[in-house]
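Enquirer: So I've got this file, my_file.pdb, and it contains PDB, C-alpha atoms:
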```pdb
ATOM      1  CA  MET H   1     119.051 107.394  80.142
ATOM      2  CA  THR H   2     122.109 105.548  81.385
ATOM      3  CA  PRO H   3     122.746 102.182  79.700
ATOM      4  CA  GLY H   4     121.543  99.444  82.007
ATOM      5  CA  ALA H   5     119.365 101.869  83.954
ATOM      6  CA  ILE H   6     116.125 100.717  85.487
ATOM      7  CA  ASP H   7     113.793 103.553  84.569
ATOM      8  CA  LEU H   8     110.773 102.226  86.459
ATOM      9  CA  LEU H   9     110.482  99.436  89.001
ATOM     10  CA  LYS H  10     106.800  98.607  89.627
ATOM     11  CA  MET H  11     105.688  96.193  92.332
ATOM     12  CA  ASP H  12     102.311  94.858  93.393
ATOM     13  CA  ILE H  13     103.162  91.823  95.489
ATOM     14  CA  GLU H  14     100.385  91.536  98.046
ATOM     15  CA  GLY H  15     102.077  92.362 101.330
ATOM     16  CA  ALA H  16     105.701  91.358 100.726
ATOM     17  CA  GLU H  17     106.862  94.811  99.638
ATOM     18  CA  ALA H  18     109.382  95.420 102.447
ATOM     19  CA  ASP H  19     110.928  91.968 101.978
ATOM     20  CA  ALA H  20     111.210  92.444  98.221
ATOM     21  CA  LEU H  21     112.892  95.841  98.611
ATOM     22  CA  ALA H  22     115.312  94.358 101.163
ATOM     23  CA  GLY H  23     116.387  91.811  98.546
ATOM     24  CA  ILE H  24     117.493  94.408  95.996
ATOM     25  CA  GLY H  25     121.279  94.728  95.810
ATOM     26  CA  ASP H  26     123.248  97.982  95.960
ATOM     27  CA  HIS H  27     124.197  97.736  92.277
ATOM     28  CA  ASP H  28     120.548  97.563  91.235
ATOM     29  CA  TRP H  29     119.487 100.364  93.569
ATOM     30  CA  ALA H  30     122.119 102.607  91.986
ATOM     31  CA  ARG H  31     120.589 101.941  88.549
ATOM     32  CA  THR H  32     116.964 102.535  89.605
ATOM     33  CA  ARG H  33     115.404 105.926  88.865
ATOM     34  CA  GLN H  34     111.771 105.428  89.913
ATOM     35  CA  VAL H  35     109.760 102.987  92.017
ATOM     36  CA  VAL H  36     105.982 102.576  92.141
ATOM     37  CA  LEU H  37     104.460 100.073  94.499
ATOM     38  CA  GLU H  38     101.216  99.206  96.147
ATOM     39  CA  VAL H  39     101.833  98.875  99.875
ATOM     40  CA  HIS H  40      99.437  97.019 102.136
ATOM     41  CA  ASP H  41      98.841  99.025 105.299
ATOM     42  CA  PHE H  42      99.595  96.474 108.013
ATOM     43  CA  ALA H  43     102.456  95.348 110.274
ATOM     44  CA  GLY H  44     104.416  98.560 109.763
ATOM     45  CA  ALA H  45     104.867  97.931 106.041
ATOM     46  CA  PRO H  46     104.349 101.545 104.874
ATOM     47  CA  ALA H  47     106.951 102.853 107.339
ATOM     48  CA  ALA H  48     109.464 100.147 106.405
ATOM     49  CA  VAL H  49     109.001 100.833 102.689
ATOM     50  CA  ARG H  50     109.363 104.594 103.143
ATOM     51  CA  THR H  51     112.494 104.132 105.272
ATOM     52  CA  THR H  52     114.133 101.830 102.716
ATOM     53  CA  LEU H  53     113.395 104.173  99.823
ATOM     54  CA  ALA H  54     114.506 107.291 101.716
ATOM     55  CA  GLU H  55     117.773 105.610 102.739
ATOM     56  CA  ARG H  56     118.368 104.896  99.036
ATOM     57  CA  GLY H  57     117.990 108.583  98.125
ATOM     58  CA  PHE H  58     114.447 108.638  96.764
ATOM     59  CA  THR H  59     111.869 111.388  97.186
ATOM     60  CA  ILE H  60     108.613 109.734  98.223
ATOM     61  CA  THR H  61     104.940 110.532  97.793
ATOM     62  CA  ALA H  62     101.978 108.279  98.529
ATOM     63  CA  ASP H  63      98.260 108.241  97.999
ATOM     64  CA  ARG H  64      95.357 106.041  98.942
ATOM     65  CA  PRO H  65      93.443 104.851  95.887
ATOM     66  CA  GLU H  66      89.797 105.772  95.510
ATOM     67  CA  GLY H  67      87.073 103.203  95.089
ATOM     68  CA  MET H  68      87.370  99.530  95.842
ATOM     69  CA  LEU H  69      91.088  99.414  96.692
ATOM     70  CA  GLY H  70      90.852 102.393  99.036
ATOM     71  CA  GLY H  71      88.873 100.295 101.474
ATOM     72  CA  LEU H  72      91.462  97.512 101.537
ATOM     73  CA  GLY H  73      94.134  99.500 103.352
ATOM     74  CA  THR H  74      96.516  99.928 100.449
ATOM     75  CA  LYS H  75      98.590 102.917  99.442
ATOM     76  CA  THR H  76     100.368 103.583  96.205
ATOM     77  CA  VAL H  77     103.915 104.778  96.895
ATOM     78  CA  TYR H  78     105.830 106.752  94.282
ATOM     79  CA  ALA H  79     109.579 107.217  94.680
ATOM     80  CA  ARG H  80     111.833 109.099  92.327
ATOM     81  CA  ARG H  81     115.354 110.472  92.132
TER
END
```
With the file now loaded, output its structure as structure tokens.

Expert:
Amino acid sequence: MTPGAIDLLKMDIEGAEADALAGIGDHDWARTRQVVLEVHDFAGAPAAVRTTLAERGFTITADRPEGMLGGLGTKTVYARR
């Protein structure tokens, strides 16, 4: 691992995912290897999150959780370099 690397950035911030990703600076994106976040499926949030991560060079997968959270319109997004 590179000194100063961010091995895993995990976010669960109740609908502000796209805004939070937009606030990450270029220097920190360059140090980030993996991102896991719960994305609330409204107002285009999943598309905005996927676009931001793809533009930053991440490979993206997503799933919808089973059980209670699956009915709330959330997806777990995994991004890795």

Enquirer: Taking the file as shown, what set of residues would the PyMOL selection byres ((chain H and resi 27-35) around 10) give back, as a list in words?

Expert: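 Those residues are Met1, Thr2, Pro3, Gly4, Ala5, Ile6, Asp7, Leu8, Leu9, Lys10, Met11, Leu21, Ile24, Gly25, Asp26, Val36, Leu37, Leu53, Arg56, Gly57, Phe58, Thr59, Ile60, Val77, Tyr78, Ala79, Arg80 and Arg81 of chain H.
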
Enquirer: Of the candidates H:Val39, H:Ala62, H:Ala54, H:Ala48, which one gets nearest to Asp12 (chain H) if we count only C-alpha atoms?

Expert: H:Val39

Enquirer: Would you please work out which residue, of H:Gly15, H:Ala22, H:Ala47, H:His40, is nearest to Thr76 (chain H) when using all atoms listed in the file?

Expert: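 Between H:Gly15, H:Ala22, H:Ala47, H:His40, the residue approaching Thr76 (chain H) most closely is H:His40.
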
Enquirer: For CA of Asp41 (chain H) and CA of Glu14 (chain H), quote the distance in Å rounded to one decimal.

Expert: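 One can read the CA of Asp41 (chain H) to CA of Glu14 (chain H) distance as 10.5 Å.
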
Enquirer: Between CA of Glu17 (chain H) and CA of Val49 (chain H), measure the distance and give it in Å to one decimal.

Expert: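 CA of Val49 (chain H) lies 7.1 Å from CA of Glu17 (chain H).
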
Enquirer: Given only C-alpha atoms as the basis, pick out the residue of H:Thr61, H:Glu38, H:Lys75, H:Ala45 nearest to Ala18 (chain H).

Expert: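 Of all the options, H:Ala45 lies closest to Ala18 (chain H).
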